[in-house]
>>> print(open('data_32.txt').read())   # compact mmCIF, C-alpha atoms
# COMPACT_ATOMS: atom_id res chain seq x y z
CA MET A 1 7.38 61.17 65.02
CA ARG A 2 9.39 59.36 67.65
CA LYS A 3 8.38 58.68 71.25
CA ASN A 4 10.95 59.02 74.04
CA PHE A 5 10.82 56.23 76.61
CA GLY A 6 13.56 57.80 78.77
CA VAL A 7 16.32 55.90 80.56
CA LYS A 8 15.42 52.22 80.12
CA PRO A 9 17.34 48.97 79.57
CA TYR A 10 15.41 48.32 76.36
CA THR A 11 16.97 46.62 73.34
CA TYR A 12 16.01 43.84 70.94
CA PRO A 13 16.76 41.03 71.12
CA GLN A 14 17.67 40.17 74.70
CA PRO A 15 18.68 36.63 75.63
CA VAL A 16 17.02 34.34 78.13
CA PHE A 17 20.11 32.72 79.56
CA MET A 18 19.71 29.78 81.91
CA ILE A 19 22.86 29.95 84.04
CA ALA A 20 23.53 26.64 85.78
CA SER A 21 26.00 25.80 88.52
CA TYR A 22 26.63 23.29 91.27
CA GLY A 23 26.42 24.22 94.92
CA GLU A 24 29.21 23.15 97.23
CA ASP A 25 27.11 20.10 98.19
CA GLY A 26 26.62 19.19 94.52
CA THR A 27 23.03 20.46 94.22
CA PRO A 28 22.43 21.95 90.77
CA ASP A 29 21.09 25.49 90.62
CA VAL A 30 19.90 27.62 87.73
CA MET A 31 18.89 31.25 87.23
CA ASN A 32 17.45 33.34 84.39
CA ALA A 33 19.33 36.37 83.04
CA ALA A 34 18.82 38.73 80.11
CA TRP A 35 21.84 40.97 80.60
CA GLY A 36 24.73 39.30 78.87
CA GLY A 37 26.19 38.00 75.67
CA ILE A 38 29.34 37.19 73.76
CA SER A 39 32.24 39.54 74.49
CA GLU A 40 35.08 37.82 72.60
CA ASN A 41 35.53 34.81 70.35
CA ASN A 42 36.02 32.65 73.44
CA GLU A 43 34.29 34.74 76.06
CA LEU A 44 30.82 35.36 77.43
CA THR A 45 30.01 38.21 79.81
CA MET A 46 26.96 38.63 82.04
CA CYS A 47 25.85 41.11 84.68
CA LEU A 48 24.84 39.27 87.83
CA SER A 49 24.41 40.87 91.22
CA ALA A 50 26.35 39.29 94.06
CA GLY A 51 23.39 38.08 96.12
CA HIS A 52 22.44 35.28 93.72
CA LYS A 53 23.02 31.71 94.85
CA THR A 54 24.35 31.16 91.33
CA VAL A 55 27.08 33.76 91.84
CA LYS A 56 28.17 32.18 95.11
CA ASN A 57 28.25 28.77 93.43
CA ILE A 58 30.26 30.01 90.45
CA LEU A 59 32.81 31.76 92.64
CA ALA A 60 33.31 28.49 94.54
CA LYS A 61 33.32 26.11 91.55
CA LYS A 62 34.91 28.49 88.98
CA ALA A 63 32.55 27.16 86.33
CA PHE A 64 29.05 27.50 84.89
CA THR A 65 26.98 26.63 81.85
CA VAL A 66 24.59 28.88 79.95
CA SER A 67 21.70 27.13 78.23
CA MET A 68 19.38 28.91 75.84
CA ALA A 69 15.80 29.01 77.11
CA ASP A 70 13.40 27.59 74.55
CA ALA A 71 9.73 27.71 73.63
CA ALA A 72 9.10 24.20 74.93
CA HIS A 73 10.19 25.17 78.45
CA VAL A 74 8.93 28.74 78.88
CA THR A 75 7.18 28.05 82.17
CA ALA A 76 10.21 26.36 83.73
CA CYS A 77 12.60 29.04 82.44
CA ASP A 78 10.41 31.81 83.82
CA TYR A 79 10.02 29.98 87.13
CA VAL A 80 13.76 29.90 87.77
CA GLY A 81 13.79 33.66 87.22
CA ILE A 82 11.16 34.41 89.86
CA VAL A 83 12.33 32.04 92.62
CA SER A 84 15.66 32.43 94.44
CA GLY A 85 18.02 29.51 94.95
CA ASN A 86 18.81 31.02 98.36
CA LYS A 87 15.22 30.30 99.46
CA VAL A 88 14.33 27.30 97.27
CA PRO A 89 17.48 25.14 97.14
CA ASP A 90 15.83 22.56 94.88
CA LYS A 91 14.48 25.03 92.32
CA PHE A 92 16.40 23.25 89.52
CA ALA A 93 14.45 20.04 90.19
CA LYS A 94 11.20 21.88 90.88
CA ALA A 95 11.48 23.45 87.43
CA GLY A 96 11.44 19.91 86.05
CA PHE A 97 15.05 20.08 84.90
CA HIS A 98 17.54 17.22 85.04
CA ALA A 99 21.25 17.86 85.48
CA GLU A 100 23.96 16.16 83.44
CA LYS A 101 27.53 16.86 84.47
CA SER A 102 29.44 18.78 81.80
CA GLN A 103 32.40 16.88 80.36
CA PHE A 104 34.42 20.08 80.34
CA VAL A 105 33.67 22.09 83.49
CA ASP A 106 32.41 21.51 87.02
CA ALA A 107 28.86 22.61 86.25
CA PRO A 108 25.63 20.94 85.12
CA LEU A 109 24.13 20.89 81.67
CA ILE A 110 20.33 20.95 81.62
CA ALA A 111 19.13 17.81 79.85
CA GLU A 112 15.90 19.47 78.68
CA LEU A 113 17.59 22.45 76.95
CA PRO A 114 19.35 21.55 73.70
CA ILE A 115 21.86 24.42 73.30
CA ALA A 116 24.43 25.34 75.94
CA VAL A 117 27.76 27.10 76.33
CA GLU A 118 30.16 25.65 78.90
CA CYS A 119 32.41 28.16 80.68
CA ARG A 120 35.27 28.47 83.10
CA LEU A 121 35.11 31.55 85.29
CA ILE A 122 37.63 34.22 84.26
CA SER A 123 36.60 37.05 86.57
CA TYR A 124 33.81 38.57 88.62
CA ASP A 125 33.60 42.17 89.76
CA GLU A 126 31.02 42.66 92.49
CA ARG A 127 31.03 46.45 91.98
CA THR A 128 30.08 46.33 88.30
CA CYS A 129 28.28 42.91 88.58
CA ARG A 130 30.28 41.79 85.56
CA MET A 131 31.03 38.08 85.32
CA VAL A 132 33.29 36.91 82.48
CA GLY A 133 33.53 33.29 81.41
CA GLU A 134 35.92 31.52 79.06
CA ILE A 135 33.94 29.43 76.60
CA VAL A 136 35.42 25.94 76.54
CA ASN A 137 32.67 24.25 74.54
CA VAL A 138 29.34 24.75 72.84
CA SER A 139 27.08 21.72 73.26
CA VAL A 140 24.00 21.05 71.12
CA ASP A 141 21.59 18.16 71.34
CA GLU A 142 21.35 16.30 68.05
CA SER A 143 17.57 16.55 68.15
CA VAL A 144 17.80 20.20 67.02
CA LEU A 145 20.40 19.72 64.29
CA ASP A 146 19.59 19.51 60.58
CA GLU A 147 20.90 16.86 58.20
CA GLU A 148 24.15 18.77 57.77
CA GLY A 149 24.76 18.96 61.50
CA ARG A 150 23.82 22.63 61.81
CA VAL A 151 21.36 24.08 64.30
CA ASP A 152 17.82 24.18 62.91
CA VAL A 153 16.41 27.30 64.54
CA ALA A 154 12.80 26.22 64.03
CA LYS A 155 13.50 22.97 65.89
CA ALA A 156 15.53 24.60 68.66
CA ALA A 157 13.04 27.49 69.09
CA PRO A 158 15.23 29.65 71.34
CA ILE A 159 13.31 32.38 73.11
CA THR A 160 14.20 36.01 73.71
CA PHE A 161 13.19 38.50 76.38
CA ASP A 162 11.17 41.52 75.27
CA PRO A 163 11.77 44.21 77.92
CA PHE A 164 9.25 46.62 76.37
CA ASN A 165 6.42 44.13 76.98
CA ASN A 166 7.80 41.74 79.64
CA ALA A 167 7.22 38.94 77.18
CA TYR A 168 9.06 35.96 75.80
CA ILE A 169 9.30 35.95 72.01
CA LYS A 170 10.63 33.01 70.04
CA LEU A 171 12.92 33.36 67.07
CA GLY A 172 11.01 33.36 63.80
CA GLU A 173 11.96 33.04 60.18
CA LYS A 174 15.27 33.67 58.44
CA VAL A 175 15.27 36.99 56.60
CA GLY A 176 18.83 37.22 55.30
CA ASN A 177 22.41 36.02 55.05
CA ALA A 178 25.04 37.71 57.17
CA PHE A 179 28.29 38.95 55.60
CA SER A 180 26.63 38.40 52.22
CA ASP A 181 23.36 40.22 51.46
CA GLY A 182 24.94 43.64 51.92
CA ALA A 183 27.36 43.06 49.04
CA ALA A 184 24.52 44.13 46.74
CA LEU A 185 25.10 47.74 47.87
CA LYS A 186 28.84 47.76 47.29
CA MET B 187 23.25 12.62 72.31
CA ARG B 188 24.90 16.02 72.26
CA LYS B 189 27.35 17.30 69.68
CA ASN B 190 30.34 19.38 70.81
CA PHE B 191 31.05 22.41 68.63
CA GLY B 192 34.18 23.38 70.59
CA VAL B 193 35.22 26.91 71.49
CA LYS B 194 32.80 29.16 69.58
CA PRO B 195 31.03 32.48 70.23
CA TYR B 196 27.65 30.84 69.72
CA THR B 197 24.54 31.87 71.65
CA TYR B 198 20.91 32.66 70.83
CA PRO B 199 19.75 35.32 70.36
CA GLN B 200 22.49 37.74 69.34
CA PRO B 201 21.62 41.35 68.52
CA VAL B 202 22.24 43.17 65.27
CA PHE B 203 23.19 46.56 66.69
CA MET B 204 23.56 49.49 64.33
CA ILE B 205 26.02 51.73 66.15
CA ALA B 206 25.91 55.28 64.79
CA SER B 207 28.24 58.19 65.43
CA TYR B 208 29.37 61.47 63.90
CA GLY B 209 32.87 61.94 62.57
CA GLU B 210 34.78 65.03 63.56
CA ASP B 211 33.60 66.68 60.32
CA GLY B 212 29.97 65.81 61.09
CA THR B 213 29.69 62.88 58.66
CA PRO B 214 27.47 60.16 60.12
CA ASP B 215 28.90 56.66 60.35
CA VAL B 216 27.37 53.35 61.30
CA MET B 217 28.63 49.83 61.99
CA ASN B 218 27.03 46.44 62.70
CA ALA B 219 27.82 44.56 65.93
CA ALA B 220 26.49 41.40 67.55
CA TRP B 221 28.62 41.40 70.68
CA GLY B 222 26.87 43.54 73.21
CA GLY B 223 23.79 44.17 75.29
CA ILE B 224 22.39 45.72 78.41
CA SER B 225 24.75 45.63 81.39
CA GLU B 226 22.82 47.75 83.93
CA ASN B 227 19.48 49.52 84.14
CA ASN B 228 21.04 52.57 82.49
CA GLU B 229 23.99 51.00 80.73
CA LEU B 230 24.79 49.22 77.47
CA THR B 231 28.11 47.44 76.85
CA MET B 232 29.61 46.35 73.53
CA CYS B 233 32.87 44.82 72.41
CA LEU B 234 34.35 46.88 69.60
CA SER B 235 37.96 46.63 68.42
CA ALA B 236 39.87 49.88 68.30
CA GLY B 237 40.41 50.03 64.55
CA HIS B 238 36.79 50.86 63.73
CA LYS B 239 36.02 54.35 62.45
CA THR B 240 33.04 54.18 64.82
CA VAL B 241 35.32 53.76 67.83
CA LYS B 242 37.46 56.74 66.83
CA ASN B 243 34.31 58.83 66.36
CA ILE B 244 32.82 57.80 69.71
CA LEU B 245 36.05 58.53 71.57
CA ALA B 246 36.05 62.04 70.03
CA LYS B 247 32.33 62.81 70.42
CA LYS B 248 31.70 60.86 73.67
CA ALA B 249 28.35 59.70 72.31
CA PHE B 250 26.65 57.12 70.10
CA THR B 251 23.27 55.64 69.30
CA VAL B 252 22.39 51.97 68.89
CA SER B 253 19.49 51.22 66.54
CA MET B 254 17.97 47.79 66.24
CA ALA B 255 18.42 46.33 62.75
CA ASP B 256 15.09 45.27 61.28
CA ALA B 257 13.69 42.98 58.62
CA ALA B 258 12.85 45.85 56.28
CA HIS B 259 16.51 46.93 56.11
CA VAL B 260 18.45 43.66 56.18
CA THR B 261 20.53 44.48 53.11
CA ALA B 262 21.53 47.91 54.39
CA CYS B 263 22.29 46.59 57.88
CA ASP B 264 24.45 43.81 56.48
CA TYR B 265 26.20 46.24 54.13
CA VAL B 266 27.40 48.44 56.98
CA GLY B 267 28.88 45.33 58.59
CA ILE B 268 30.98 44.36 55.57
CA VAL B 269 32.29 47.80 54.55
CA SER B 270 34.63 49.86 56.74
CA GLY B 271 34.02 53.53 57.44
CA ASN B 272 37.78 53.99 57.25
CA LYS B 273 37.67 53.10 53.53
CA VAL B 274 34.13 54.19 52.61
CA PRO B 275 33.50 57.44 54.52
CA ASP B 276 29.97 57.79 53.12
CA LYS B 277 28.83 54.25 53.95
CA PHE B 278 25.95 55.61 56.05
CA ALA B 279 24.47 57.35 52.98
CA LYS B 280 25.41 54.48 50.65
CA ALA B 281 23.36 52.16 52.87
CA GLY B 282 20.39 54.40 52.13
CA PHE B 283 20.20 55.71 55.68
CA HIS B 284 19.33 59.26 56.67
CA ALA B 285 20.72 60.83 59.84
CA GLU B 286 18.65 62.81 62.33
CA LYS B 287 20.55 64.47 65.13
CA SER B 288 19.68 62.98 68.53
CA GLN B 289 18.05 65.47 70.92
CA PHE B 290 20.07 64.01 73.77
CA VAL B 291 23.58 63.21 72.58
CA ASP B 292 26.00 64.27 69.84
CA ALA B 293 25.25 61.31 67.59
CA PRO B 294 22.83 60.56 64.77
CA LEU B 295 19.63 58.57 64.91
CA ILE B 296 18.90 56.56 61.76
CA ALA B 297 15.57 57.76 60.37
CA GLU B 298 14.84 54.38 58.75
CA LEU B 299 15.25 52.30 61.94
CA PRO B 300 12.39 52.72 64.42
CA ILE B 301 14.02 51.64 67.72
CA ALA B 302 17.18 53.19 69.13
CA VAL B 303 19.05 53.66 72.40
CA GLU B 304 20.91 56.96 72.82
CA CYS B 305 24.09 56.81 74.88
CA ARG B 306 26.84 58.92 76.38
CA LEU B 307 30.23 57.23 76.46
CA ILE B 308 31.21 56.07 79.94
CA SER B 309 34.41 54.17 79.17
CA TYR B 310 36.37 52.30 76.53
CA ASP B 311 39.12 49.81 77.18
CA GLU B 312 41.17 49.08 74.07
CA ARG B 313 42.69 45.97 75.64
CA THR B 314 39.37 44.23 76.32
CA CYS B 315 37.51 46.07 73.47
CA ARG B 316 34.79 46.89 76.00
CA MET B 317 32.83 50.08 75.40
CA VAL B 318 30.30 51.11 78.01
CA GLY B 319 27.57 53.67 77.37
CA GLU B 320 25.15 55.42 79.69
CA ILE B 321 21.64 55.14 78.29
CA VAL B 322 20.08 58.60 78.29
CA ASN B 323 17.00 57.78 76.22
CA VAL B 324 15.22 55.06 74.29
CA SER B 325 13.59 56.40 71.13
CA VAL B 326 10.88 54.56 69.20
CA ASP B 327 9.11 55.66 66.05
CA GLU B 328 5.34 55.79 66.53
CA SER B 329 4.84 53.69 63.41
CA VAL B 330 5.81 50.55 65.39
CA LEU B 331 3.77 51.29 68.51
CA ASP B 332 0.42 49.72 69.27
CA GLU B 333 -2.69 51.59 70.39
CA GLU B 334 -1.45 51.60 73.99
CA GLY B 335 1.89 53.11 73.02
CA ARG B 336 3.84 49.88 73.44
CA VAL B 337 6.21 48.39 70.90
CA ASP B 338 4.43 46.00 68.54
CA VAL B 339 7.14 43.43 67.82
CA ALA B 340 5.48 42.24 64.62
CA LYS B 341 5.49 45.79 63.24
CA ALA B 342 9.02 46.57 64.42
CA ALA B 343 10.40 43.21 63.20
CA PRO B 344 13.80 43.45 64.88
CA ILE B 345 16.33 40.99 63.54
CA THR B 346 18.86 38.84 65.35
CA PHE B 347 22.19 37.35 64.30
CA ASP B 348 22.43 33.56 64.14
CA PRO B 349 26.13 32.73 64.54
CA PHE B 350 25.60 28.99 63.94
CA ASN B 351 24.29 29.70 60.43
CA ASN B 352 25.55 33.22 59.62
CA ALA B 353 21.95 34.22 59.12
CA TYR B 354 19.61 36.99 60.17
CA ILE B 355 16.47 35.76 61.91
CA LYS B 356 13.58 38.02 62.78
CA LEU B 357 11.70 37.83 66.05
CA GLY B 358 8.60 35.66 65.80
CA GLU B 359 5.61 35.10 67.97
CA LYS B 360 5.10 35.69 71.68
CA VAL B 361 5.26 32.44 73.65
CA GLY B 362 4.96 33.62 77.23
CA ASN B 363 4.81 36.30 79.90
CA ALA B 364 7.98 37.10 81.83
CA PHE B 365 7.89 37.23 85.66
CA SER B 366 4.48 35.60 85.47
CA ASP B 367 4.16 32.24 83.69
CA GLY B 368 6.59 30.54 86.06
CA ALA B 369 4.36 31.19 89.05
CA ALA B 370 2.43 28.07 88.00
CA LEU B 371 5.34 25.96 89.33
CA LYS B 372 5.55 27.66 92.69
>>> encode(input="data_32.txt", output="structure tokens")
Amino acid sequence: MRKNFGVKPYTYPQPVFMIASYGEDGTPDVMNAAWGGISENNELTMCLSAGHKTVKNILAKKAFTVSMADAAHVTACDYVGIVSGNKVPDKFAKAGFHAEKSQFVDAPLIAELPIAVECRLISYDERTCRMVGEIVNVSVDESVLDEEGRVDVAKAAPITFDPFNNAYIKLGEKVGNAFSDGAALK
Amino acid sequence: MRKNFGVKPYTYPQPVFMIASYGEDGTPDVMNAAWGGISENNELTMCLSAGHKTVKNILAKKAFTVSMADAAHVTACDYVGIVSGNKVPDKFAKAGFHAEKSQFVDAPLIAELPIAVECRLISYDERTCRMVGEIVNVSVDESVLDEEGRVDVAKAAPITFDPFNNAYIKLGEKVGNAFSDGAALK
């Protein structure tokens, strides 16, 4: 038997994106968003309503970064999702984050979060809330790489948003190889 | 020190969406997609190129379902990502899946996968590959619910796509409460 939950924005997994930008005075800002993901090989799309300080910043600077929230910083990552940059201009610092200017775009990387995507703004549609960024670099701190230079998921411990339970769930163990395991059924 | 990976579609987590549809002759089809997610409270958006059998089906039937791939069916879920429905019309059955007609839309649910979102087609743009669906129901098999009727993530064991390592990673343990833990920093 299946249970019907009705019209809900419920999928697994959902990201916990930390979207960082500079204000016009250079103050770094960051928000938390679960509605977004890759939309092309060099493109990331998110749904952000126009009232966010982050959206105003991105429209002015034409750039942003998206860091992956991680298990080590759950409290800080949740904090930036429940406090508005319009009311708490120093929320980035209050979260305990430190900004490092991206080499590629006019936006801050978050020193504490090891995996980030750096983007130039392509478009924003206030009606649909859709913001599209061109990925110009993916930046990973060496502390979460394995000996072969690949991301070690256990070290990075990215977290995901569970909309059914309003919980943060970290990635667990590897259960298969993509583009490979399924060949057994061919 | 940070390492630059360049222009890559790399984020965590990425979904493993099993997009199911009926062909015009009623044959169920399913494909695997990592580029998509929630885009509004009642809306799911995915990037699907026009050549897919799934896209042709959805444009004809105006409906689809998205099931969450899970750890118990990794091989089947990978298989449907490496074989085209244009060449293997019975790939849904070959994967070992059984179709159950959705009560809400003209598309199949996958009996073996416990969590699914049922959608009506809103729009498809071949140029941007963007397909938008209106969520009309979220359907969850009772076998993965806890005593309070909520999804038990350990039972459901949804998997995620790891683009850095071409791997499937299942969701692990809960590490925090959303819209709550961050209040400690206020």
>>> residues_around(input="data_32.txt", residues="region 295-300 of chain B", least_positions_apart="6", cutoff="9 Å", atoms="all atoms listed in the file", output="ChimeraX atom specification")
/A:2 /B:204,206-207,250-256,258-259,282-288,325-330,342
>>> residues_around(input="data_32.txt", residues="Val88 (chain A)", least_positions_apart="4", cutoff="12 Å", atoms="all atoms listed in the file", output="compact mmCIF listing (two decimals) with C-alpha atoms, keeping the file's coordinate frame")
# COMPACT_ATOMS: atom_id res chain seq x y z
CA THR A 27 23.03 20.46 94.22
CA PRO A 28 22.43 21.95 90.77
CA ASP A 29 21.09 25.49 90.62
CA VAL A 30 19.90 27.62 87.73
CA MET A 31 18.89 31.25 87.23
CA HIS A 52 22.44 35.28 93.72
CA LYS A 53 23.02 31.71 94.85
CA TYR A 79 10.02 29.98 87.13
CA VAL A 80 13.76 29.90 87.77
CA GLY A 81 13.79 33.66 87.22
CA ILE A 82 11.16 34.41 89.86
CA VAL A 83 12.33 32.04 92.62
CA SER A 84 15.66 32.43 94.44
CA PHE A 92 16.40 23.25 89.52
CA ALA A 93 14.45 20.04 90.19
CA LYS A 94 11.20 21.88 90.88
CA ALA A 95 11.48 23.45 87.43
CA LYS B 372 5.55 27.66 92.69
>>> closest_residue(input="data_32.txt", among="A:Ala33, A:Ile38, A:Val105, A:Leu145", to="Thr197 (chain B)", atoms="only C-alpha atoms")
A:Ile38
>>> residues_around(input="data_32.txt", residues="Thr128 (chain A)", least_positions_apart="5", cutoff="10 Å", atoms="only C-alpha atoms", output="list in words")
Cys47, Leu48, Ser49 and Ala50 of chain A; Ser225 and Glu226 of chain B
>>> atom_distance(input="data_32.txt", atom1="CA of Arg316 (chain B)", atom2="CA of Lys61 (chain A)")
26.0 Å
>>> atom_distance(input="data_32.txt", atom1="CA of Ala293 (chain B)", atom2="CA of Leu357 (chain B)")
27.2 Å
>>> closest_residue(input="data_32.txt", among="A:Leu59, A:Ala167, A:Leu44, A:Ile122", to="chain B", atoms="only C-alpha atoms")
A:Ala167
>>> atom_distance(input="data_32.txt", atom1="CA of Gln200 (chain B)", atom2="CA of Tyr12 (chain A)")
9.0 Å
>>> closest_residue(input="data_32.txt", among="A:Asp78, A:Lys56, A:Met1, A:Trp35", to="Asn166 (chain A)", atoms="all atoms listed in the file")
A:Asp78
>>> residues_near_point(input="data_32.txt", point="(23.6, 38.1, 61.0)", cutoff="10 Å", atoms="all atoms listed in the file", output="PyMOL selection string")
(chain A and resi 174-181) or (chain B and resi 200-202+218-220+255+260+263-264+267+345-355)
>>> build_atoms(input="data_32.txt", residues="region 233-252 of chain B", atoms="N, CA, C and O atoms", output="PDB file, in the frame of the given file")
ATOM      1  N   CYS B 233      31.461  45.071  72.674  1.00  0.00           N
ATOM      2  CA  CYS B 233      32.870  44.820  72.410  1.00  0.00           C
ATOM      3  C   CYS B 233      33.199  45.274  71.002  1.00  0.00           C
ATOM      4  O   CYS B 233      32.695  44.692  70.035  1.00  0.00           O
ATOM      5  N   LEU B 234      34.002  46.302  70.907  1.00  0.00           N
ATOM      6  CA  LEU B 234      34.350  46.880  69.600  1.00  0.00           C
ATOM      7  C   LEU B 234      35.870  47.048  69.538  1.00  0.00           C
ATOM      8  O   LEU B 234      36.458  47.710  70.406  1.00  0.00           O
ATOM      9  N   SER B 235      36.504  46.483  68.519  1.00  0.00           N
ATOM     10  CA  SER B 235      37.960  46.630  68.420  1.00  0.00           C
ATOM     11  C   SER B 235      38.299  48.053  67.983  1.00  0.00           C
ATOM     12  O   SER B 235      37.502  48.757  67.345  1.00  0.00           O
ATOM     13  N   ALA B 236      39.507  48.459  68.366  1.00  0.00           N
ATOM     14  CA  ALA B 236      39.870  49.880  68.300  1.00  0.00           C
ATOM     15  C   ALA B 236      40.006  50.416  66.887  1.00  0.00           C
ATOM     16  O   ALA B 236      39.948  51.626  66.673  1.00  0.00           O
ATOM     17  N   GLY B 237      40.182  49.547  65.914  1.00  0.00           N
ATOM     18  CA  GLY B 237      40.410  50.030  64.550  1.00  0.00           C
ATOM     19  C   GLY B 237      39.190  50.633  63.870  1.00  0.00           C
ATOM     20  O   GLY B 237      39.328  51.346  62.863  1.00  0.00           O
ATOM     21  N   HIS B 238      38.003  50.364  64.398  1.00  0.00           N
ATOM     22  CA  HIS B 238      36.790  50.860  63.730  1.00  0.00           C
ATOM     23  C   HIS B 238      36.733  52.381  63.692  1.00  0.00           C
ATOM     24  O   HIS B 238      37.019  53.049  64.692  1.00  0.00           O
ATOM     25  N   LYS B 239      36.298  52.909  62.558  1.00  0.00           N
ATOM     26  CA  LYS B 239      36.020  54.350  62.450  1.00  0.00           C
ATOM     27  C   LYS B 239      35.025  54.769  63.539  1.00  0.00           C
ATOM     28  O   LYS B 239      35.164  55.832  64.165  1.00  0.00           O
ATOM     29  N   THR B 240      34.045  53.919  63.780  1.00  0.00           N
ATOM     30  CA  THR B 240      33.040  54.180  64.820  1.00  0.00           C
ATOM     31  C   THR B 240      33.683  54.416  66.179  1.00  0.00           C
ATOM     32  O   THR B 240      33.279  55.321  66.918  1.00  0.00           O
ATOM     33  N   VAL B 241      34.664  53.607  66.524  1.00  0.00           N
ATOM     34  CA  VAL B 241      35.320  53.760  67.830  1.00  0.00           C
ATOM     35  C   VAL B 241      36.057  55.093  67.909  1.00  0.00           C
ATOM     36  O   VAL B 241      35.955  55.828  68.909  1.00  0.00           O
ATOM     37  N   LYS B 242      36.760  55.433  66.835  1.00  0.00           N
ATOM     38  CA  LYS B 242      37.460  56.740  66.830  1.00  0.00           C
ATOM     39  C   LYS B 242      36.443  57.874  66.998  1.00  0.00           C
ATOM     40  O   LYS B 242      36.649  58.809  67.775  1.00  0.00           O
ATOM     41  N   ASN B 243      35.339  57.785  66.261  1.00  0.00           N
ATOM     42  CA  ASN B 243      34.310  58.830  66.360  1.00  0.00           C
ATOM     43  C   ASN B 243      33.757  58.938  67.778  1.00  0.00           C
ATOM     44  O   ASN B 243      33.588  60.036  68.310  1.00  0.00           O
ATOM     45  N   ILE B 244      33.455  57.782  68.377  1.00  0.00           N
ATOM     46  CA  ILE B 244      32.820  57.800  69.710  1.00  0.00           C
ATOM     47  C   ILE B 244      33.797  58.357  70.752  1.00  0.00           C
ATOM     48  O   ILE B 244      33.412  59.122  71.639  1.00  0.00           O
ATOM     49  N   LEU B 245      35.071  58.003  70.621  1.00  0.00           N
ATOM     50  CA  LEU B 245      36.050  58.530  71.570  1.00  0.00           C
ATOM     51  C   LEU B 245      36.156  60.059  71.442  1.00  0.00           C
ATOM     52  O   LEU B 245      36.348  60.767  72.435  1.00  0.00           O
ATOM     53  N   ALA B 246      35.978  60.580  70.224  1.00  0.00           N
ATOM     54  CA  ALA B 246      36.050  62.040  70.030  1.00  0.00           C
ATOM     55  C   ALA B 246      34.768  62.731  70.478  1.00  0.00           C
ATOM     56  O   ALA B 246      34.809  63.789  71.110  1.00  0.00           O
ATOM     57  N   LYS B 247      33.617  62.141  70.158  1.00  0.00           N
ATOM     58  CA  LYS B 247      32.330  62.810  70.420  1.00  0.00           C
ATOM     59  C   LYS B 247      31.712  62.423  71.768  1.00  0.00           C
ATOM     60  O   LYS B 247      30.750  63.052  72.221  1.00  0.00           O
ATOM     61  N   LYS B 248      32.206  61.339  72.370  1.00  0.00           N
ATOM     62  CA  LYS B 248      31.700  60.860  73.670  1.00  0.00           C
ATOM     63  C   LYS B 248      30.227  60.476  73.612  1.00  0.00           C
ATOM     64  O   LYS B 248      29.502  60.620  74.616  1.00  0.00           O
ATOM     65  N   ALA B 249      29.771  60.013  72.449  1.00  0.00           N
ATOM     66  CA  ALA B 249      28.350  59.700  72.310  1.00  0.00           C
ATOM     67  C   ALA B 249      28.140  58.746  71.139  1.00  0.00           C
ATOM     68  O   ALA B 249      28.944  58.702  70.196  1.00  0.00           O
ATOM     69  N   PHE B 250      27.047  57.997  71.206  1.00  0.00           N
ATOM     70  CA  PHE B 250      26.650  57.120  70.100  1.00  0.00           C
ATOM     71  C   PHE B 250      25.190  56.766  70.270  1.00  0.00           C
ATOM     72  O   PHE B 250      24.603  56.961  71.345  1.00  0.00           O
ATOM     73  N   THR B 251      24.606  56.236  69.195  1.00  0.00           N
ATOM     74  CA  THR B 251      23.270  55.640  69.300  1.00  0.00           C
ATOM     75  C   THR B 251      23.381  54.188  68.829  1.00  0.00           C
ATOM     76  O   THR B 251      24.272  53.831  68.060  1.00  0.00           O
ATOM     77  N   VAL B 252      22.474  53.365  69.328  1.00  0.00           N
ATOM     78  CA  VAL B 252      22.390  51.970  68.890  1.00  0.00           C
ATOM     79  C   VAL B 252      20.964  51.725  68.413  1.00  0.00           C
ATOM     80  O   VAL B 252      20.026  51.723  69.224  1.00  0.00           O
TER      81      VAL B 252
END
